[in-house]
Number of protein chains: 4
Amino acid sequence: MSKRRGRIEVLKHVSRVLQGNASGDPYERDLPCYLPPDYDAGSARYPVIYFLAGFTGTGRMLLNVSAFDEAIDARLDRLIGSGAMPPIILAMPDCMTRFGGSQYTNSSATGPYEDYVIDELVPFVDEKLRTLPGRDHRGVTGKSSGGYGALRLAMRHPDVFGALGSHAGDAYFDYCYFLDFPKFVLGIQKYGGTLESFYQRFTELPKKSEAFDVLNIVAMAACYSPNPDAPLGIDVPVDLRTGEVHAAVWQRWLDNDPVRMAPKCADALRSMRTIFIDAGLRDEFQLQLGARILCKRLDGLGVRYTYEEFDDGHMGIVYRYDRSLVELSKALA
Amino acid sequence: MSKRRGRIEVLKHVSRVLQGNASGDPYERDLPCYLPPDYDAGSARYPVIYFLAGFTGTGRMLLNVSAFDEAIDARLDRLIGSGAMPPIILAMPDCMTRFGGSQYTNSSATGPYEDYVIDELVPFVDEKLRTLPGRDHRGVTGKSSGGYGALRLAMRHPDVFGALGSHAGDAYFDYCYFLDFPKFVLGIQKYGGTLESFYQRFTELPKKSEAFDVLNIVAMAACYSPNPDAPLGIDVPVDLRTGEVHAAVWQRWLDNDPVRMAPKCADALRSMRTIFIDAGLRDEFQLQLGARILCKRLDGLGVRYTYEEFDDGHMGIVYRYDRSLVELSKALA
Amino acid sequence: MSKRRGRIEVLKHVSRVLQGNASGDPYERDLPCYLPPDYDAGSARYPVIYFLAGFTGTGRMLLNVSAFDEAIDARLDRLIGSGAMPPIILAMPDCMTRFGGSQYTNSSATGPYEDYVIDELVPFVDEKLRTLPGRDHRGVTGKSSGGYGALRLAMRHPDVFGALGSHAGDAYFDYCYFLDFPKFVLGIQKYGGTLESFYQRFTELPKKSEAFDVLNIVAMAACYSPNPDAPLGIDVPVDLRTGEVHAAVWQRWLDNDPVRMAPKCADALRSMRTIFIDAGLRDEFQLQLGARILCKRLDGLGVRYTYEEFDDGHMGIVYRYDRSLVELSKALA
Amino acid sequence: MSKRRGRIEVLKHVSRVLQGNASGDPYERDLPCYLPPDYDAGSARYPVIYFLAGFTGTGRMLLNVSAFDEAIDARLDRLIGSGAMPPIILAMPDCMTRFGGSQYTNSSATGPYEDYVIDELVPFVDEKLRTLPGRDHRGVTGKSSGGYGALRLAMRHPDVFGALGSHAGDAYFDYCYFLDFPKFVLGIQKYGGTLESFYQRFTELPKKSEAFDVLNIVAMAACYSPNPDAPLGIDVPVDLRTGEVHAAVWQRWLDNDPVRMAPKCADALRSMRTIFIDAGLRDEFQLQLGARILCKRLDGLGVRYTYEEFDDGHMGIVYRYDRSLVELSKALA
């Protein structure tokens, strides 16, 4: 096995579309990119895969080290070095917002993150690095909300992406979000009972992860049901005291559900060179059910895909990244 | 405080309507009734309250003893003896089915339990015991599925019941049942993946409580969406493999939701001499949210009621029974 | 299978030794006894098994009914009716205290419950019922703290009991109690931080089960390390603020551990006609480990026994009672 | 507030003492060091604090980024920039082993990590960076096993360290380890039931965190009770089948307990310029009890210290690092 290593190049990007974004998040962001072992020595061009981070994650965090799990660069070194996959460039965008994530949507409550990736980062990477340009050499994958982002961006931008991976991506919102509404309602009442009081107290919490149950629904609402006239610029799909569902707001969420989006994006899906989907048998957010329902839709639409269920939950499944990286890189090479 | 005790009279009732019931459950059943301390010594007539047991419960179980909780007869002795409530008769029906309960509905999959209570038990009690007859002296209360039963029977039979109590009663099915659908789907797959395979294995389990997550949804489906042509006579509201919701079946469930039933039963609700509703702040089935939404409906309909939230969960809240017993007995005296 | 049923005879017993007991518990108690189907029709004498209830349990509770589990009388009817075991009398003592149980010990903090069973109940039952007298026809079994009681009473009174059963009985106190000390310490601080403040608030709790983590250690201390000069008459084995272990008090507990008692009671154990021990593979109190260690001791002492591990936890394992009832009754017939 | 930033210098160190270590771990390691904002511009010398990582952690991981928590360099920039603490150098050693950690001990099963820090890293840092040399300007702190390491190294090497911090450090092994023995025993049986079978399967697990319950006890045994003649070079303190405690092995662990070490190291402890200890009120490993007992020992020995309990658990408490960094840096300036 080759011991040669790729390297991380951190591109600095100044966004135009994120300037003045509603949640006051930075418009100058780092874009770490993995360059394969031979990149510097030669002049070859490489396919590029965009790896989208999950909720509360950024591309940069894929490089965090831990005792027993490989960081993404070590993972790629191993996979490329062993010949398991062809060399690629991996771009790791930062689409973070003050709410913990953007779901890779354009939203008046956060910012135009879908545009940011599609209109700014993709051309920027093609300009700065020796990519093989064109959708047939460009893929997108991710985990959890990043898997959702990959599904969303590929379905809506088949001109930009030609291959798609989703590890435990958000799908069938009836289960992956709706089930948390009671916790959200009971939780927000501990933080004053309004979106503003929650957010104010959230910013003051020493350990913010304690409020992630609440934050997650706020963030999803910021992405799926923004409303410039509402508190924090957000409509939430439930009454904050009783939990009663607001059907119209909830419908706005459902319009963003990959299961509901798929029929409208059938051509895009059919055009993918490869689609890789997986989920854990014991996913704590029931995303294996969402994945099964999505697969059933794909079956109905005549879309080809690979689906795997693995014996694990939702967290700590970085070892699964091998699968989409291998499948996508082969299809894009 | 008076030390005089009431006593339990176990009436034997042979049901006509339960004969040949679909799930093969007994049609001869005991009906334990509490008679107040002075019953045998005098000739007075008493109001009667029907106490409906929750899922997997029967009236008889209200008499089970434990180390630190009062059984229902000791509870009534104390409340009546101290003058906290006037003397009453308490009837404790057995509406059990092979699935763990009937929700006090008429169902082709279980039996006509609503008719059983209304058409058979009520006249039977009035005949056998010295009750004060008439809806103004007859109330119904219960806990959990028994609270649901009380809501249902009082809303639909205001000619029979004039007062209503519900401790943590099933309401807003979106939260109290829907949230368990993923667990149900994943659970049933461990038992062979079909209703028949599940039920067969369930009957063989040494400890049946291990399967209550699955059984509960099967039982509710037996009550809310029976279908004589389907396996076990039951339509379930989700696909047993993917969990996808069957909207038409789910709508049949929602038609039985107290929150949805209330507007159609506004006159009945307004006619109650008292309505007592409570739920725990930490109810594990989110029934405090259902209760809040129900109360909001009652407000909109001009229905008067008492609502209490208490600092506890769903289980082991027998001490709360004092509240409905006191409120109902005063209103019915 | 025979459909004949045994019946419950509730003997009323007035204890001499429990009069004036330290915790003010009743000295007049019911002793429910199961009499086999043919008891009333004939004049035969029967072996008698004492079934000891677990913590917070009494003999009477063995007769509580539930939806899917057999009460003890139905269980015996079935086992005797099917010929799986010979007919027996089952005596179900009440050794409850205000702390939730006595562990069947003599304690200055609760009362002389070991004497109560051995010196009073056994002769009383032999007098009132047609028992086969003598230790060769008398056994003792139980579950959890009742299994502990059976181990203790049989080890210390081989003249009284000739067969022994223990379902998930307390053993190897290092695991079954020690592991709860931190919870106990942190818990008692919520109740004022002293034994007296805890007990006072405990008596006022509407739902006492919320405090069982704390109560359990208080109760065990009342049984294993009473001290008439200490608050509540009890020495606890840990500092109530820091949790630091008091070695001398802890040693008093260990002296009561079946694992430590066994070598001193080797003759008694060897004299048993049968010893049946089991525990669940997933026992939440690690009693399967205690059972394994106990069995290792028995091996070392040349004691014969039957040991079974079953695929379940600690709670709701009434179906296991079949095993000790069958084994003991056969050995005692 | 100053916006000037310090920077990370990653020193490369080739260890002599770790060469040929028993567990085959690297002897060339990175030593990331934080240099304060003015370091490069001037020639001042600075106190140095060693921050020891917890179990499964290395110094490098303190630099991992996340959405809402500061990495250690951003934390120091803020604290120094605001004037909350004087400028310091922070050294972040890597004492990782194949078992997840070394507890900063010398062990024949892992390697001489205590020597590694004391004899090699400290002189190395003093040589490479502009430190204020001498124990009065050198402190050690850490969290969890790193807090333990700080306690251990300061107690045993008062000539090297003059200030000490411990966030939720391992103490009172009776609670922080003993309570996990049953889980360890039951866990290891899933991995073949021996240390070798466990370790073999552990190396093959895609998600190693699933085995941390077992690994943790193996690792502690490697540190506290190594035995070159035993499997993996480790004696474990319990029987792997029954869980029975091996008293002699367990005593070797206890000899390493800060609570037991303190009396032997009283002079060292009294010599510290500052001692900062904290723990969470809800620490999942009961380390607040260990901390309370340790403080009681310190009281008895006339040692001065600061102790804080905070309203949190054991995980995600990086925000607490501010406290020891501020206290130690002030004492060492």
# chains A, B, ... in the order shown; residues from 1 in each chain; ligands from 1
>>> residues_around(residues="Tyr27 of chain C", least_positions_apart="4", cutoff="7 Å", atoms="only C-alpha atoms", output="PyMOL selection string")
chain C and resi 14-15+18-19
>>> residues_around(residues="segment 182-199 of chain C", least_positions_apart="5", cutoff="8 Å", atoms="only C-alpha atoms", output="list in words")
Ala211, Asp213, Val214, Ile217, Val218, Pro231, Leu232, Val238, Asp239, Leu240, Arg241, Thr242 and Gly243 of chain C; Tyr175, Gln286 and Leu289 of chain D
>>> write_last_selection(atoms="N, CA and C atoms", output="PDB file, in the first residue's frame")
ATOM      1  N   ALA C 211     -38.648   7.667  45.164  1.00  0.00           N
ATOM      2  CA  ALA C 211     -37.551   7.684  46.133  1.00  0.00           C
ATOM      3  C   ALA C 211     -37.006   6.293  46.416  1.00  0.00           C
ATOM      4  N   ASP C 213     -34.775   4.472  45.003  1.00  0.00           N
ATOM      5  CA  ASP C 213     -33.308   4.380  44.974  1.00  0.00           C
ATOM      6  C   ASP C 213     -32.716   4.684  46.346  1.00  0.00           C
ATOM      7  N   VAL C 214     -33.255   5.681  46.983  1.00  0.00           N
ATOM      8  CA  VAL C 214     -32.770   6.054  48.307  1.00  0.00           C
ATOM      9  C   VAL C 214     -33.319   5.087  49.351  1.00  0.00           C
ATOM     10  N   ILE C 217     -31.542   1.632  49.988  1.00  0.00           N
ATOM     11  CA  ILE C 217     -30.325   1.585  50.809  1.00  0.00           C
ATOM     12  C   ILE C 217     -30.677   1.826  52.284  1.00  0.00           C
ATOM     13  N   VAL C 218     -31.596   2.715  52.540  1.00  0.00           N
ATOM     14  CA  VAL C 218     -32.047   2.913  53.929  1.00  0.00           C
ATOM     15  C   VAL C 218     -32.597   1.609  54.485  1.00  0.00           C
ATOM     16  N   PRO C 231     -29.641   7.823  64.291  1.00  0.00           N
ATOM     17  CA  PRO C 231     -30.893   8.343  63.727  1.00  0.00           C
ATOM     18  C   PRO C 231     -31.675   7.249  63.004  1.00  0.00           C
ATOM     19  N   LEU C 232     -32.957   7.192  63.261  1.00  0.00           N
ATOM     20  CA  LEU C 232     -33.842   6.140  62.729  1.00  0.00           C
ATOM     21  C   LEU C 232     -33.414   4.743  63.177  1.00  0.00           C
ATOM     22  N   VAL C 238     -22.176   4.619  54.238  1.00  0.00           N
ATOM     23  CA  VAL C 238     -21.449   5.679  53.526  1.00  0.00           C
ATOM     24  C   VAL C 238     -21.701   7.019  54.193  1.00  0.00           C
ATOM     25  N   ASP C 239     -20.756   7.902  54.008  1.00  0.00           N
ATOM     26  CA  ASP C 239     -20.936   9.279  54.451  1.00  0.00           C
ATOM     27  C   ASP C 239     -22.017   9.934  53.595  1.00  0.00           C
ATOM     28  N   LEU C 240     -22.951  10.605  54.237  1.00  0.00           N
ATOM     29  CA  LEU C 240     -24.110  11.115  53.502  1.00  0.00           C
ATOM     30  C   LEU C 240     -23.793  12.328  52.632  1.00  0.00           C
ATOM     31  N   ARG C 241     -22.630  12.910  52.801  1.00  0.00           N
ATOM     32  CA  ARG C 241     -22.280  14.062  51.971  1.00  0.00           C
ATOM     33  C   ARG C 241     -21.274  13.690  50.882  1.00  0.00           C
ATOM     34  N   THR C 242     -20.247  12.928  51.262  1.00  0.00           N
ATOM     35  CA  THR C 242     -19.187  12.608  50.292  1.00  0.00           C
ATOM     36  C   THR C 242     -19.349  11.229  49.670  1.00  0.00           C
ATOM     37  N   GLY C 243     -20.106  10.356  50.319  1.00  0.00           N
ATOM     38  CA  GLY C 243     -20.235   9.001  49.824  1.00  0.00           C
ATOM     39  C   GLY C 243     -19.116   8.075  50.264  1.00  0.00           C
TER      40      GLY C 243
ATOM     41  N   TYR D 175     -15.727   4.316  43.329  1.00  0.00           N
ATOM     42  CA  TYR D 175     -16.875   4.737  42.552  1.00  0.00           C
ATOM     43  C   TYR D 175     -16.515   4.934  41.081  1.00  0.00           C
ATOM     44  N   GLN D 286     -19.589   9.903  38.869  1.00  0.00           N
ATOM     45  CA  GLN D 286     -19.590  10.180  40.310  1.00  0.00           C
ATOM     46  C   GLN D 286     -18.293  10.828  40.769  1.00  0.00           C
ATOM     47  N   LEU D 289     -18.198  12.995  43.858  1.00  0.00           N
ATOM     48  CA  LEU D 289     -17.997  12.341  45.155  1.00  0.00           C
ATOM     49  C   LEU D 289     -16.510  12.116  45.404  1.00  0.00           C
TER      50      LEU D 289
END
>>> interface_residues(of="chain C", to="chain B", cutoff="8 Å", atoms="only C-alpha atoms", output="mmCIF file with C-alpha atoms, in the first residue's frame")
data_model
loop_
_atom_site.group_PDB
_atom_site.id
_atom_site.type_symbol
_atom_site.label_atom_id
_atom_site.label_comp_id
_atom_site.auth_asym_id
_atom_site.auth_seq_id
_atom_site.Cartn_x
_atom_site.Cartn_y
_atom_site.Cartn_z
ATOM 1 C CA THR C 56 -41.781 -3.510 48.684
ATOM 2 C CA GLY C 57 -43.749 -6.740 48.322
ATOM 3 C CA THR C 58 -45.906 -8.853 50.587
ATOM 4 C CA ARG C 60 -50.738 -10.742 49.417
ATOM 5 C CA MET C 61 -49.353 -9.029 46.325
ATOM 6 C CA ASN C 64 -52.616 -9.314 42.367
ATOM 7 C CA VAL C 65 -54.050 -9.799 38.895
ATOM 8 C CA SER C 66 -52.765 -8.408 35.625
ATOM 9 C CA ALA C 67 -53.642 -8.611 31.964
ATOM 10 C CA PHE C 68 -51.118 -11.135 30.801
ATOM 11 C CA ASP C 69 -49.318 -12.559 33.844
ATOM 12 C CA MET C 96 -43.232 -5.701 55.236
ATOM 13 C CA GLY C 100 -40.347 -1.452 52.342
ATOM 14 C CA PRO C 206 -47.538 11.268 46.751
ATOM 15 C CA LYS C 207 -45.583 8.822 44.595
ATOM 16 C CA LYS C 208 -43.136 7.015 46.801
ATOM 17 C CA GLY C 316 -41.503 -8.932 35.487
ATOM 18 C CA ILE C 317 -40.060 -12.429 35.656
ATOM 19 C CA TYR C 319 -42.997 -16.773 34.748
#
>>> residues_around(residues="Glu284 of chain D", least_positions_apart="4", cutoff="9 Å", atoms="only C-alpha atoms", output="list in words")
Gly280, Gly313, His314 and Met315 of chain D
>>> select_by_dssp(residues="segment 83-277 of chain B", states="strand (DSSP E)", output="list in words")
Ile89, Leu90, Ala91, Arg138, Gly139, Val140, Thr141, Gly142, Ala163, Leu164, Gly165, Ser166, His167, Thr274, Ile275, Phe276 and Ile277 of chain B
>>> closest_residue(among="D:Leu90, D:Ala291, D:Ala44, D:Ala53", to="Ile8 of chain D", atoms="only C-alpha atoms")
D:Leu90
>>> atom_distance(atom1="atom CA of Ala150 of chain C", atom2="atom CA of Ser43 of chain C")
29.0 Å
>>> residues_around(residues="segment 137-141 of chain C", least_positions_apart="3", cutoff="6 Å", atoms="only C-alpha atoms", output="list in words")
Pro47, Val48, Ile49, Tyr50, Phe51, Leu132, Gly134, Gly147, Ala150, Phe161, Gly162, Ala163, Leu164, Gly165, Ser166 and Leu332 of chain C
>>> residues_around(residues="Tyr104 of chain C", least_positions_apart="3", cutoff="6 Å", atoms="only C-alpha atoms", output="list in words")
Tyr113, Glu114 and Gly149 of chain C
>>> closest_residue(among="D:Glu327, D:Asp278, D:Asp77, D:Asp115", to="Ser144 of chain D", atoms="only C-alpha atoms")
D:Asp278
